[in-house]
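A.B. asks: Following this line is target39.txt, made up of compact mmCIF, C-alpha atoms and all ligand atoms:
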```
# COMPACT_ATOMS: atom_id res chain seq x y z
CA MET J 137 -112.20 132.90 -92.52
CA LEU J 138 -113.07 131.68 -96.02
CA GLU J 139 -116.13 133.92 -96.15
CA SER J 140 -114.25 137.02 -95.14
CA THR J 141 -111.50 136.19 -97.61
CA TRP J 142 -114.06 135.85 -100.39
CA GLN J 143 -115.73 139.17 -99.53
CA TRP J 144 -112.38 140.80 -99.45
CA PHE J 145 -111.49 139.47 -102.90
CA LEU J 146 -114.69 140.98 -104.26
CA GLY J 147 -113.46 144.36 -103.08
CA GLY J 148 -110.84 144.61 -105.85
CA GLY J 149 -108.16 147.28 -106.10
CA SER J 150 -104.45 147.07 -106.90
CA GLN J 151 -103.32 147.07 -103.27
CA GLN J 152 -105.54 144.03 -102.73
CA ILE J 153 -104.25 142.26 -105.79
CA LEU J 154 -100.74 142.60 -104.37
CA LEU J 155 -101.89 141.33 -100.99
CA THR J 156 -103.70 138.42 -102.62
CA ALA J 157 -100.40 137.40 -104.15
CA ILE J 158 -98.70 137.70 -100.75
CA VAL J 159 -101.34 135.62 -99.00
CA PHE J 160 -101.29 132.87 -101.61
CA LEU J 161 -97.53 132.79 -101.46
CA LEU J 162 -97.52 132.59 -97.66
CA ILE J 163 -100.07 129.80 -97.58
CA GLY J 164 -98.16 127.96 -100.31
CA VAL J 165 -94.87 128.16 -98.45
CA PHE J 166 -96.66 127.25 -95.20
CA LEU J 167 -98.32 124.14 -96.61
CA GLY J 168 -95.06 123.12 -98.31
CA ALA J 169 -93.25 123.32 -94.99
CA ARG J 170 -95.99 121.29 -93.26
CA MET J 171 -95.83 118.54 -95.85
CA ARG J 172 -92.08 118.27 -95.62
CA SER J 173 -92.04 117.88 -91.88
CA PRO J 174 -94.59 115.57 -90.24
CA ARG J 175 -94.56 115.97 -86.45
CA GLU J 176 -94.91 113.74 -83.44
CA ASP J 177 -98.28 113.88 -81.63
CA LYS J 178 -97.10 115.79 -78.57
CA GLN J 179 -95.74 118.53 -80.78
CA ALA J 180 -98.97 118.74 -82.70
CA ASP J 181 -100.81 120.82 -80.10
CA ALA J 182 -98.17 123.48 -80.02
CA ALA J 183 -98.12 123.39 -83.78
CA ASN J 184 -101.87 123.90 -83.95
CA ARG J 185 -101.65 126.87 -81.63
CA GLY J 186 -99.00 128.20 -83.99
CA ASP J 187 -101.28 127.54 -86.93
CA SER J 188 -104.15 129.53 -85.42
CA SER J 189 -101.83 132.50 -84.96
CA PHE J 190 -100.66 131.99 -88.51
CA PHE J 191 -104.19 132.17 -89.89
CA LYS J 192 -105.00 135.15 -87.69
CA GLY J 193 -101.91 136.77 -89.17
CA VAL J 194 -103.23 136.08 -92.66
CA GLN J 195 -106.56 137.65 -91.69
CA TYR J 196 -104.88 140.77 -90.38
CA LEU J 197 -102.91 140.92 -93.58
CA LEU J 198 -106.14 140.75 -95.55
CA SER J 199 -107.65 143.59 -93.55
CA ASN J 200 -104.51 145.62 -94.22
CA ASP J 201 -103.43 145.65 -90.57
CA HIS J 202 -99.81 144.80 -91.18
CA ASP J 203 -98.54 145.48 -87.67
CA GLN J 204 -101.08 143.13 -86.07
CA ALA J 205 -100.31 140.59 -88.77
CA ILE J 206 -96.63 140.68 -87.87
CA GLU J 207 -97.50 140.21 -84.20
CA GLU J 208 -99.57 137.10 -84.93
CA PHE J 209 -96.93 135.67 -87.25
CA THR J 210 -94.34 136.23 -84.52
CA LYS J 211 -96.50 134.22 -82.10
CA SER J 212 -96.92 131.53 -84.72
CA VAL J 213 -93.17 131.28 -85.21
CA GLN J 214 -92.64 131.03 -81.45
CA VAL J 215 -94.66 127.83 -81.17
CA ASN J 216 -94.26 126.35 -84.60
CA SER J 217 -90.90 126.59 -86.29
CA ASP J 218 -92.44 125.34 -89.55
CA THR J 219 -93.89 128.77 -90.08
CA ILE J 220 -90.48 130.48 -90.00
CA GLU J 221 -90.08 130.02 -93.72
CA THR J 222 -93.38 131.81 -94.34
CA TYR J 223 -92.35 134.56 -91.95
CA VAL J 224 -89.05 135.04 -93.81
CA THR J 225 -91.01 135.20 -97.06
CA LEU J 226 -93.23 137.89 -95.59
CA GLY J 227 -90.13 139.87 -94.60
CA ASN J 228 -88.79 139.59 -98.15
CA LEU J 229 -92.11 140.79 -99.53
CA TYR J 230 -92.09 143.83 -97.25
CA ARG J 231 -88.55 144.60 -98.36
CA SER J 232 -89.43 144.29 -102.03
CA ARG J 233 -92.31 146.74 -101.44
CA GLY J 234 -89.89 149.18 -99.82
CA ASP J 235 -91.42 148.65 -96.36
CA ILE J 236 -87.99 148.32 -94.75
CA ASP J 237 -89.08 148.98 -91.15
CA ARG J 238 -91.47 146.03 -91.13
CA ALA J 239 -88.93 143.77 -92.89
CA ILE J 240 -86.34 144.67 -90.23
CA ARG J 241 -88.80 143.95 -87.41
CA ILE J 242 -89.45 140.48 -88.79
CA ARG J 243 -85.72 139.64 -88.97
CA GLN J 244 -85.15 140.93 -85.46
CA ASN J 245 -88.05 138.82 -84.17
CA ILE J 246 -86.46 135.72 -85.68
CA ILE J 247 -82.93 136.54 -84.46
CA LEU J 248 -84.05 137.28 -80.89
CA ARG J 249 -86.14 134.13 -80.62
CA PRO J 250 -84.56 131.59 -78.24
CA ASN J 251 -83.93 127.95 -79.23
CA ILE J 252 -83.96 128.71 -82.87
CA ASP J 253 -81.81 126.78 -85.32
CA GLU J 254 -78.45 128.53 -85.80
CA GLN J 255 -78.63 128.37 -89.60
CA ILE J 256 -82.07 130.05 -89.57
CA LYS J 257 -80.67 132.81 -87.35
CA ILE J 258 -77.73 133.33 -89.71
CA GLY J 259 -80.18 133.44 -92.61
CA ALA J 260 -82.27 136.09 -90.82
CA LEU J 261 -79.12 138.08 -90.08
CA PHE J 262 -78.23 137.97 -93.78
CA ASP J 263 -81.75 139.17 -94.67
CA LEU J 264 -81.40 141.94 -92.10
CA GLY J 265 -78.16 143.05 -93.80
CA GLN J 266 -80.03 143.26 -97.09
CA ASP J 267 -82.88 145.21 -95.50
CA TYR J 268 -80.42 147.75 -94.07
CA ARG J 269 -78.71 148.10 -97.43
CA LYS J 270 -82.03 148.57 -99.21
CA GLY J 271 -82.95 151.19 -96.60
CA GLY J 272 -79.66 153.03 -97.24
CA PHE J 273 -78.13 152.23 -93.82
CA LEU J 274 -74.79 151.13 -95.27
CA ASN J 275 -72.78 151.06 -92.04
CA ARG J 276 -75.39 149.02 -90.21
CA SER J 277 -75.69 146.72 -93.20
CA LEU J 278 -71.91 146.25 -93.26
CA ARG J 279 -71.78 145.42 -89.54
CA THR J 280 -74.56 142.86 -90.01
CA PHE J 281 -72.93 141.15 -92.99
CA LEU J 282 -69.60 141.06 -91.15
CA GLN J 283 -71.36 139.24 -88.31
CA VAL J 284 -72.77 136.72 -90.80
CA SER J 285 -69.34 136.26 -92.33
CA GLN J 286 -67.79 135.68 -88.94
CA LYS J 287 -70.24 132.86 -88.29
CA ASN J 288 -70.00 131.54 -91.81
CA PRO J 289 -66.59 132.55 -93.27
CA GLY J 290 -66.88 130.43 -96.40
CA ASP J 291 -70.11 132.02 -97.63
CA VAL J 292 -69.32 133.81 -100.89
CA ARG J 293 -72.77 135.41 -101.11
CA THR J 294 -72.13 137.30 -97.86
CA LEU J 295 -68.61 138.26 -98.91
CA LYS J 296 -70.02 139.71 -102.15
CA GLU J 297 -72.50 141.79 -100.16
CA ILE J 298 -69.63 143.04 -97.97
CA GLU J 299 -67.54 143.88 -101.01
CA ARG J 300 -70.45 145.76 -102.55
CA ILE J 301 -70.84 147.92 -99.45
CA TYR J 302 -67.12 148.64 -99.23
CA GLU J 303 -67.29 149.72 -102.86
CA GLY J 304 -70.27 151.92 -102.09
CA LEU J 305 -68.38 153.47 -99.18
CA LYS J 306 -65.29 153.86 -101.41
CA ASP J 307 -63.30 151.83 -98.88
CA TRP J 308 -61.14 150.32 -101.61
CA GLU J 309 -58.58 148.61 -99.42
CA ASN J 310 -61.24 146.57 -97.66
CA ALA J 311 -63.05 145.94 -100.95
CA TYR J 312 -59.76 144.55 -102.29
CA ALA J 313 -59.19 142.37 -99.20
CA THR J 314 -62.74 141.04 -99.50
CA ARG J 315 -62.35 140.22 -103.19
CA GLN J 316 -59.15 138.33 -102.32
CA LYS J 317 -61.18 136.17 -99.94
CA ILE J 318 -63.80 135.60 -102.65
CA ALA J 319 -61.05 134.66 -105.12
CA ARG J 320 -59.83 131.98 -102.74
CA LEU J 321 -63.32 130.50 -102.47
CA GLU J 322 -64.69 130.85 -105.98
CA LYS J 323 -63.15 129.85 -109.30
CA GLY J 324 -63.20 132.39 -112.11
CA HIS J 325 -61.68 135.71 -113.11
CA HIS J 326 -61.07 138.05 -110.22
CA GLU J 327 -57.95 139.85 -111.49
CA HIS J 328 -59.82 142.66 -113.24
CA ILE J 329 -61.84 143.43 -110.12
CA LEU J 330 -58.75 143.32 -107.87
CA ALA J 331 -56.97 145.63 -110.32
CA HIS J 332 -59.87 148.12 -110.28
CA HIS J 333 -59.89 148.18 -106.48
CA LEU J 334 -56.16 148.93 -106.49
CA VAL J 335 -56.58 151.70 -109.08
CA GLU J 336 -59.43 153.29 -107.12
CA ALA J 337 -57.32 153.16 -103.94
CA GLY J 338 -54.48 154.73 -105.94
CA LYS J 339 -56.76 157.53 -107.17
CA VAL J 340 -57.64 158.40 -103.56
CA CYS J 341 -53.91 158.53 -102.71
CA GLN J 342 -53.31 160.69 -105.78
CA GLU J 343 -55.99 163.13 -104.64
CA ASN J 344 -54.38 163.25 -101.21
CA GLU J 345 -51.00 163.87 -102.86
CA ASP J 346 -49.54 160.62 -101.59
CA VAL J 347 -47.72 160.12 -104.89
CA VAL J 348 -45.48 157.25 -103.82
CA LYS J 349 -48.35 155.11 -102.56
CA ALA J 350 -50.50 155.98 -105.58
CA LYS J 351 -47.73 154.91 -107.96
CA THR J 352 -47.22 151.65 -106.06
CA LEU J 353 -50.94 150.89 -106.25
CA PHE J 354 -51.21 151.66 -109.99
CA ASN J 355 -48.21 149.43 -110.70
CA LYS J 356 -49.64 146.69 -108.51
CA ALA J 357 -52.90 146.96 -110.48
CA ILE J 358 -51.00 146.52 -113.74
CA SER J 359 -49.14 143.47 -112.45
CA THR J 360 -52.48 142.08 -111.22
CA GLN J 361 -54.15 142.56 -114.59
CA LYS J 362 -52.13 143.62 -117.61
CA GLN J 363 -55.21 144.93 -119.46
CA CYS J 364 -56.21 147.39 -116.73
CA VAL J 365 -56.63 150.48 -118.91
CA ASP J 366 -57.53 152.73 -116.01
CA ALA J 367 -54.23 151.92 -114.26
CA TYR J 368 -52.16 153.00 -117.29
CA LEU J 369 -54.19 156.19 -117.70
CA HIS J 370 -53.80 157.23 -114.09
CA LEU J 371 -50.17 156.19 -113.82
CA GLY J 372 -49.57 158.42 -116.84
CA ASP J 373 -51.59 161.26 -115.28
CA LEU J 374 -49.51 160.99 -112.14
CA HIS J 375 -46.27 161.34 -114.10
CA PHE J 376 -47.82 164.16 -116.15
CA GLU J 377 -48.72 166.12 -113.01
CA ARG J 378 -45.12 165.83 -111.92
CA GLN J 379 -44.06 167.04 -115.39
CA ASP J 380 -42.36 163.77 -116.12
CA TYR J 381 -43.79 163.76 -119.64
CA LYS J 382 -41.70 160.91 -121.03
CA LYS J 383 -42.88 158.49 -118.36
CA ALA J 384 -46.44 159.76 -118.76
CA ILE J 385 -46.35 159.09 -122.50
CA ALA J 386 -44.84 155.63 -121.97
CA ALA J 387 -47.71 154.71 -119.59
CA TRP J 388 -50.47 156.05 -121.87
CA LYS J 389 -49.07 154.37 -124.95
CA LYS J 390 -49.36 151.02 -123.20
CA VAL J 391 -53.15 151.36 -123.46
CA ALA J 392 -52.76 150.73 -127.20
CA GLU J 393 -51.13 147.36 -126.45
CA ALA J 394 -53.32 146.42 -123.50
CA ALA J 395 -56.71 147.27 -124.99
CA PRO J 396 -56.54 148.79 -128.51
CA HIS J 397 -60.25 149.68 -128.55
CA PHE J 398 -59.70 152.03 -125.60
CA THR J 399 -56.69 153.81 -127.12
CA PHE J 400 -58.85 156.88 -127.76
CA LEU J 401 -58.76 157.54 -124.01
CA ALA J 402 -55.05 158.24 -124.35
CA TYR J 403 -55.18 160.54 -127.40
CA GLY J 404 -56.08 163.77 -125.65
CA ARG J 405 -53.60 163.07 -122.89
CA LEU J 406 -50.80 162.33 -125.34
CA GLU J 407 -51.50 165.48 -127.31
CA GLY J 408 -51.38 167.50 -124.07
CA ALA J 409 -48.02 166.03 -123.13
CA TYR J 410 -46.43 166.53 -126.53
CA THR J 411 -47.74 170.09 -126.64
CA ARG J 412 -46.01 170.76 -123.31
CA MET J 413 -42.88 169.20 -124.75
CA LYS J 414 -43.37 171.45 -127.82
CA ASN J 415 -42.92 168.46 -130.07
CA LEU J 416 -46.00 167.16 -131.79
CA GLU J 417 -44.15 164.99 -134.28
CA PRO J 418 -44.41 161.78 -132.20
CA VAL J 419 -48.20 162.26 -131.91
CA GLU J 420 -48.52 161.88 -135.66
CA VAL J 421 -46.31 158.80 -135.72
CA PHE J 422 -48.27 157.26 -132.87
CA LEU J 423 -51.69 158.10 -134.28
CA LYS J 424 -50.79 156.79 -137.74
CA GLU J 425 -49.57 153.57 -136.17
CA CYS J 426 -52.83 153.32 -134.19
CA ALA J 427 -54.87 154.00 -137.33
CA ARG J 428 -53.01 151.17 -139.06
CA LEU J 429 -53.42 148.69 -136.20
CA ASN J 430 -56.87 149.71 -135.00
CA PRO J 431 -58.62 151.76 -137.65
CA ASP J 432 -61.57 152.99 -135.63
CA ALA J 433 -63.49 156.25 -135.89
CA PHE J 434 -61.83 157.74 -132.80
CA THR J 435 -58.36 157.24 -134.19
CA HIS J 436 -59.27 158.90 -137.50
CA MET J 437 -60.85 161.72 -135.54
CA ALA J 438 -57.74 162.19 -133.39
CA LEU J 439 -55.58 162.22 -136.49
CA ALA J 440 -57.91 164.78 -138.11
CA ARG J 441 -57.58 167.10 -135.12
CA TYR J 442 -53.85 166.73 -135.15
CA LEU J 443 -53.53 167.42 -138.90
CA TYR J 444 -55.89 170.40 -138.65
CA SER J 445 -53.75 171.87 -135.88
CA LYS J 446 -50.85 171.64 -138.34
CA ASN J 447 -52.97 173.47 -140.96
CA ASP J 448 -53.23 170.35 -143.11
CA VAL J 449 -56.91 170.93 -143.94
CA ALA J 450 -57.08 168.42 -146.79
CA GLY J 451 -55.46 165.69 -144.65
CA ALA J 452 -57.80 166.47 -141.74
CA LEU J 453 -60.87 166.32 -144.00
CA LYS J 454 -59.79 162.94 -145.36
CA GLU J 455 -59.49 161.55 -141.83
CA ILE J 456 -62.86 162.95 -140.74
CA ASN J 457 -64.50 161.43 -143.78
CA SER J 458 -62.92 158.08 -142.88
CA ALA J 459 -64.25 158.42 -139.33
CA LEU J 460 -67.76 159.19 -140.61
CA ALA J 461 -67.63 156.35 -143.15
CA LEU J 462 -66.99 153.98 -140.24
CA ASN J 463 -69.54 155.60 -137.99
CA PRO J 464 -72.08 157.92 -139.66
CA GLY J 465 -73.56 158.94 -136.32
CA PHE J 466 -70.28 160.13 -134.81
CA TRP J 467 -71.46 163.64 -133.97
CA GLU J 468 -68.12 164.78 -132.59
CA ALA J 469 -66.65 164.23 -136.07
CA ARG J 470 -69.60 165.92 -137.76
CA ARG J 471 -69.30 168.96 -135.53
CA PHE J 472 -65.59 169.20 -136.21
CA ARG J 473 -66.10 168.96 -139.98
CA GLY J 474 -68.85 171.58 -139.78
CA GLN J 475 -66.53 173.93 -137.90
CA MET J 476 -63.82 173.32 -140.49
CA PHE J 477 -66.20 174.19 -143.34
CA LEU J 478 -67.48 177.29 -141.56
CA ASN J 479 -63.90 178.43 -140.96
CA GLY J 480 -63.05 178.43 -144.63
CA GLY J 481 -64.87 175.87 -146.68
CA ALA J 482 -66.67 176.32 -149.96
CA GLU J 483 -70.36 177.13 -149.97
CA GLU J 484 -71.32 173.87 -151.70
CA ASP J 485 -69.46 171.85 -149.02
CA ILE J 486 -71.41 173.62 -146.29
CA LEU J 487 -74.70 172.95 -148.05
CA ALA J 488 -73.88 169.28 -148.68
CA ASP J 489 -72.84 168.90 -145.03
CA TYR J 490 -76.07 170.52 -143.87
CA GLY J 491 -78.08 168.11 -146.04
CA GLU J 492 -76.25 165.12 -144.58
CA ILE J 493 -76.85 166.32 -141.03
CA ILE J 494 -80.57 166.65 -141.62
CA GLU J 495 -80.67 163.16 -143.08
CA GLY J 496 -78.81 161.80 -140.11
CA LEU J 497 -81.05 163.34 -137.49
CA ASN J 498 -82.96 160.11 -137.04
CA ILE J 499 -79.86 158.17 -136.02
CA PRO J 500 -80.34 157.08 -132.44
CA TYR J 501 -77.99 158.90 -130.15
CA LEU J 502 -76.56 156.26 -127.89
CA ARG J 503 -73.18 155.92 -126.32
CA PHE J 504 -72.33 153.26 -123.73
CA ARG J 505 -74.14 150.20 -122.56
CA CYS J 506 -73.61 147.56 -119.89
CA VAL J 507 -73.50 144.12 -121.51
CA GLN J 508 -74.65 142.61 -118.23
CA CYS J 509 -77.79 144.61 -117.46
CA GLY J 510 -78.25 146.96 -120.40
CA PHE J 511 -77.77 150.15 -118.40
CA GLU J 512 -76.68 153.10 -120.56
CA PRO J 513 -74.57 155.62 -118.68
CA SER J 514 -73.82 158.99 -120.26
CA GLU J 515 -70.09 158.48 -119.83
CA LEU J 516 -67.71 155.57 -119.67
CA LEU J 517 -67.70 153.99 -116.21
CA TRP J 518 -65.60 151.01 -115.17
CA GLN J 519 -68.22 149.78 -112.70
CA CYS J 520 -71.85 149.65 -113.72
CA PRO J 521 -73.95 151.68 -111.25
CA GLN J 522 -76.93 149.44 -111.90
CA CYS J 523 -75.61 145.88 -111.62
CA ASN J 524 -72.32 146.73 -109.89
CA ARG J 525 -70.26 144.55 -112.22
CA TRP J 526 -66.82 145.73 -113.27
CA ASP J 527 -65.77 146.12 -116.93
CA THR J 528 -69.19 145.34 -118.36
CA ILE J 529 -69.78 148.77 -119.91
CA GLY J 530 -68.68 149.00 -123.50
CA LEU J 531 -69.13 151.20 -126.53
CA ILE J 532 -72.23 150.76 -128.58
CA ASN J 533 -71.12 149.78 -132.03
CA GLY J 534 -72.78 149.91 -135.43
CA LYS J 535 -74.78 152.82 -136.69
CA GLU J 536 -75.52 154.12 -133.25
CA ALA J 537 -73.33 156.99 -132.30
CA PRO J 538 -70.66 157.01 -129.67
CA SER J 539 -69.54 160.52 -128.92
CA ILE J 540 -66.42 160.86 -126.85
CA PRO J 541 -65.12 164.25 -125.84
CA PHE J 542 -61.59 164.46 -127.18
CA ILE J 543 -60.13 165.64 -123.92
CA ASN J 544 -61.22 162.68 -121.87
CA LYS J 545 -62.84 162.88 -118.48
CA ILE J 546 -62.07 159.36 -117.24
ZN ZN J 601 -74.76 146.73 -115.53
```
Represent the supplied structure as structure tokens.
C.D. replies:
Amino acid sequence: MLESTWQWFLGGGSQQILLTAIVFLLIGVFLGARMRSPREDKQADAANRGDSSFFKGVQYLLSNDHDQAIEEFTKSVQVNSDTIETYVTLGNLYRSRGDIDRAIRIRQNIILRPNIDEQIKIGALFDLGQDYRKGGFLNRSLRTFLQVSQKNPGDVRTLKEIERIYEGLKDWENAYATRQKIARLEKGHHEHILAHHLVEAGKVCQENEDVVKAKTLFNKAISTQKQCVDAYLHLGDLHFERQDYKKAIAAWKKVAEAAPHFTFLAYGRLEGAYTRMKNLEPVEVFLKECARLNPDAFTHMALARYLYSKNDVAGALKEINSALALNPGFWEARRFRGQMFLNGGAEEDILADYGEIIEGLNIPYLRFRCVQCGFEPSELLWQCPQCNRWDTIGLINGKEAPSIPFINKI
């Protein structure tokens, strides 16, 4: 065995380097398990038979015959339960390499084995759920995790997997119910997640024109978490669609109180509503108040657009300049100022603007980033598609340039 292993190492190659790591890991876990659990003499024979299968399995692994390796490891597990840990590790390695079929086979071998410790079976079932999820079989994964949860109802890790799949399947009611269970078992902040689940469920109702249920869900989201920006926005949208502009405006304005840094999401909506009401006066009052309380680039930009629509070119220019002073890379503001100049500005203004743009071309163009995992989506998302956390995506501040379309898409 040692000789063949040595020869094999001399062969080199990246596939072999990976396998070397696997083999060392397996042997490490195997020896660890042996040292932790000394056996009685009469069990030793069976254990040794298991060990010979184990080492045959390692040899097959070294000669790249993975299916034979699995067969030998299965035999090893059948006579020597100490090797289960190594077998589980092998399954995890297959999964991490994207070899889902083999990972699944290993779990099934463990689950189907008679006289196996119940906790080990539950563990294998959990691993199987993860394999299915990794392989994209969401329904099968869900069924498996639900089985685990039934056997082990207090296991938060399983509940989080279940919640994640419900979210993936956009089954918001079950995602909500699952998060409620998690909240009962784990200390911490769950309100924002519960509120998002309610809002998402409400959005589905809104799409299906179940207005009453949608409204109830949005309101429930707000009472669950007062800062749930998305709930205010969609409650307002719902009123707006029903041409109840006053209620729409009242809902959108609450964003300014709940989360001032997200007020820009309401600007376009408010402008739309006041335009329908043929009364833009309150927009100015609201925007000026926002600019006073939360003087960010978006607010100055919104004010500039409003003033320009009223033909107050000088006022609009002042606001754009304020926006650009706060955030030199705010390309939305630059584009708007450029259009203003082209529509009627002086030649020297156009030239100066052009010079500034060229100078600013090296400003990195970044927008949103997840504080949890660093993912940078191209638009604002409430749930990070990479790490699946809620409310971790924020604006990138500083010189880097957020660029929000004025008529929001959220
Ligand atoms: Zn993330």
A.B. asks: Which residue, J:Asp366, J:Glu336, J:Glu377, J:Glu420, has the smallest gap to J:Thr399 when you use only C-alpha atoms?
C.D. replies: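 Looking at the shortest contact to J:Thr399, the residue is J:Asp366.
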A.B. asks: As a quick test: using all atoms listed in the file, which residues lie no more than 8 Å away from ligand ZN 601 (chain J)? Give them as a ChimeraX atom specification.
C.D. replies: /J:505-511,519-525,528-529
A.B. asks: Got a sec: who's within 12 Å of stretch 247-261 of chain J, counting all atoms listed in the file, leaving out chain neighbours fewer than 6 positions off, as a PDB file with C-alpha atoms, in the frame of the given file?
C.D. replies:
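After the write, result04.pdb holds the following:
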```pdb
ATOM      1  CA  THR J 210     -94.340 136.230 -84.520  1.00  0.00           C
ATOM      2  CA  LYS J 211     -96.500 134.220 -82.100  1.00  0.00           C
ATOM      3  CA  SER J 212     -96.920 131.530 -84.720  1.00  0.00           C
ATOM      4  CA  VAL J 213     -93.170 131.280 -85.210  1.00  0.00           C
ATOM      5  CA  GLN J 214     -92.640 131.030 -81.450  1.00  0.00           C
ATOM      6  CA  VAL J 215     -94.660 127.830 -81.170  1.00  0.00           C
ATOM      7  CA  ASN J 216     -94.260 126.350 -84.600  1.00  0.00           C
ATOM      8  CA  SER J 217     -90.900 126.590 -86.290  1.00  0.00           C
ATOM      9  CA  ASP J 218     -92.440 125.340 -89.550  1.00  0.00           C
ATOM     10  CA  THR J 219     -93.890 128.770 -90.080  1.00  0.00           C
ATOM     11  CA  ILE J 220     -90.480 130.480 -90.000  1.00  0.00           C
ATOM     12  CA  GLU J 221     -90.080 130.020 -93.720  1.00  0.00           C
ATOM     13  CA  TYR J 223     -92.350 134.560 -91.950  1.00  0.00           C
ATOM     14  CA  VAL J 224     -89.050 135.040 -93.810  1.00  0.00           C
ATOM     15  CA  THR J 225     -91.010 135.200 -97.060  1.00  0.00           C
ATOM     16  CA  GLY J 227     -90.130 139.870 -94.600  1.00  0.00           C
ATOM     17  CA  ASN J 228     -88.790 139.590 -98.150  1.00  0.00           C
ATOM     18  CA  ALA J 239     -88.930 143.770 -92.890  1.00  0.00           C
ATOM     19  CA  ILE J 240     -86.340 144.670 -90.230  1.00  0.00           C
ATOM     20  CA  ARG J 241     -88.800 143.950 -87.410  1.00  0.00           C
ATOM     21  CA  ASP J 267     -82.880 145.210 -95.500  1.00  0.00           C
ATOM     22  CA  TYR J 268     -80.420 147.750 -94.070  1.00  0.00           C
ATOM     23  CA  ARG J 276     -75.390 149.020 -90.210  1.00  0.00           C
ATOM     24  CA  SER J 277     -75.690 146.720 -93.200  1.00  0.00           C
ATOM     25  CA  LEU J 278     -71.910 146.250 -93.260  1.00  0.00           C
ATOM     26  CA  ARG J 279     -71.780 145.420 -89.540  1.00  0.00           C
ATOM     27  CA  THR J 280     -74.560 142.860 -90.010  1.00  0.00           C
ATOM     28  CA  PHE J 281     -72.930 141.150 -92.990  1.00  0.00           C
ATOM     29  CA  LEU J 282     -69.600 141.060 -91.150  1.00  0.00           C
ATOM     30  CA  GLN J 283     -71.360 139.240 -88.310  1.00  0.00           C
ATOM     31  CA  VAL J 284     -72.770 136.720 -90.800  1.00  0.00           C
ATOM     32  CA  SER J 285     -69.340 136.260 -92.330  1.00  0.00           C
ATOM     33  CA  GLN J 286     -67.790 135.680 -88.940  1.00  0.00           C
ATOM     34  CA  LYS J 287     -70.240 132.860 -88.290  1.00  0.00           C
ATOM     35  CA  ASN J 288     -70.000 131.540 -91.810  1.00  0.00           C
ATOM     36  CA  PRO J 289     -66.590 132.550 -93.270  1.00  0.00           C
ATOM     37  CA  ASP J 291     -70.110 132.020 -97.630  1.00  0.00           C
ATOM     38  CA  ARG J 293     -72.770 135.410-101.110  1.00  0.00           C
ATOM     39  CA  THR J 294     -72.130 137.300 -97.860  1.00  0.00           C
TER      40      THR J 294
END
```
A.B. asks: From the set J:Leu198, J:Ala395, J:Met413, J:Val340, which residue has the shortest atom-to-atom contact distance to J:Gln379, counting only C-alpha atoms?
C.D. replies: J:Met413
A.B. asks: Determine the nearest neighbour of J:Gly408 from the options J:Gln342, J:Asp373, J:Ala392, J:Ser458, counting only C-alpha atoms.
C.D. replies: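 Comparing J:Gln342, J:Asp373, J:Ala392, J:Ser458 against J:Gly408, the winner is J:Asp373.
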A.B. asks: Please list as a compact mmCIF listing (two decimals) with C-alpha atoms, in the coordinates of the input every residue within 7 Å of J:Leu334, counting all atoms listed in the file and excluding residues in the same chain fewer than 6 positions away.
C.D. replies:
```
# COMPACT_ATOMS: atom_id res chain seq x y z
CA LEU J 353 -50.94 150.89 -106.25
CA PHE J 354 -51.21 151.66 -109.99
CA ALA J 357 -52.90 146.96 -110.48
```
A.B. asks: Between atom CA of J:Leu330 and atom CA of J:Thr360, what is the distance in Å, rounded to a tenth?
C.D. replies: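 Rounded to one decimal, the two atoms are 7.2 Å apart.
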A.B. asks: List every protein, DNA or RNA residue that has at least one atom no more than 12 Å from (-52.9, 149.5, -116.2) in the file's coordinates, counting all atoms listed in the file, and write the result as a ChimeraX atom specification.
C.D. replies: /J:327-328,330-332,334-336,338,351-373,386-395,398
A.B. asks: Of the candidates J:Trp526, J:Leu531, J:Glu425, J:His397, which shows the shortest atom-to-atom distance to J:Pro513, using only C-alpha atoms?
C.D. replies: J:Leu531
A.B. asks: What gap, in Å, lies between atom CA of J:Phe504 and atom CA of J:Ala461?
C.D. replies: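 Atom CA of J:Phe504 sits 20.2 Å away from atom CA of J:Ala461.
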A.B. asks: Skip stretch 441-451 of chain J itself and residues of its chain fewer than 5 positions away, then list as number ranges by chain all residues within 12 Å of it, counting all atoms listed in the file.
C.D. replies: J: 403-404, 406-408, 410-411, 415-424, 434-436, 456-459, 468-469, 471-473, 475-477, 479-481, 542-543
A.B. asks: Go ahead and compute the interatomic distance for atom CA of J:Met437 and atom CA of J:Glu455, in Å to one decimal.
C.D. replies: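 Pair atom CA of J:Met437 / atom CA of J:Glu455 returns 6.4 Å.
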A.B. asks: Output stretch 463-467 of chain J with N, CA and C atoms present, as a PDB file, keeping the file's coordinate frame.
C.D. replies:
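Okay, this is what ended up in result.pdb:
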```pdb
ATOM      1  N   ASN J 463     -68.475 155.377-138.981  1.00  0.00           N
ATOM      2  CA  ASN J 463     -69.540 155.600-137.990  1.00  0.00           C
ATOM      3  C   ASN J 463     -70.317 156.882-138.324  1.00  0.00           C
ATOM      4  N   PRO J 464     -71.359 156.737-139.159  1.00  0.00           N
ATOM      5  CA  PRO J 464     -72.080 157.920-139.660  1.00  0.00           C
ATOM      6  C   PRO J 464     -72.711 158.767-138.547  1.00  0.00           C
ATOM      7  N   GLY J 465     -72.911 158.184-137.399  1.00  0.00           N
ATOM      8  CA  GLY J 465     -73.560 158.940-136.320  1.00  0.00           C
ATOM      9  C   GLY J 465     -72.578 159.552-135.340  1.00  0.00           C
ATOM     10  N   PHE J 466     -71.325 159.607-135.702  1.00  0.00           N
ATOM     11  CA  PHE J 466     -70.280 160.130-134.810  1.00  0.00           C
ATOM     12  C   PHE J 466     -70.355 161.666-134.824  1.00  0.00           C
ATOM     13  N   TRP J 467     -71.158 162.210-133.925  1.00  0.00           N
ATOM     14  CA  TRP J 467     -71.460 163.640-133.970  1.00  0.00           C
ATOM     15  C   TRP J 467     -70.273 164.527-133.662  1.00  0.00           C
TER      16      TRP J 467
END
```
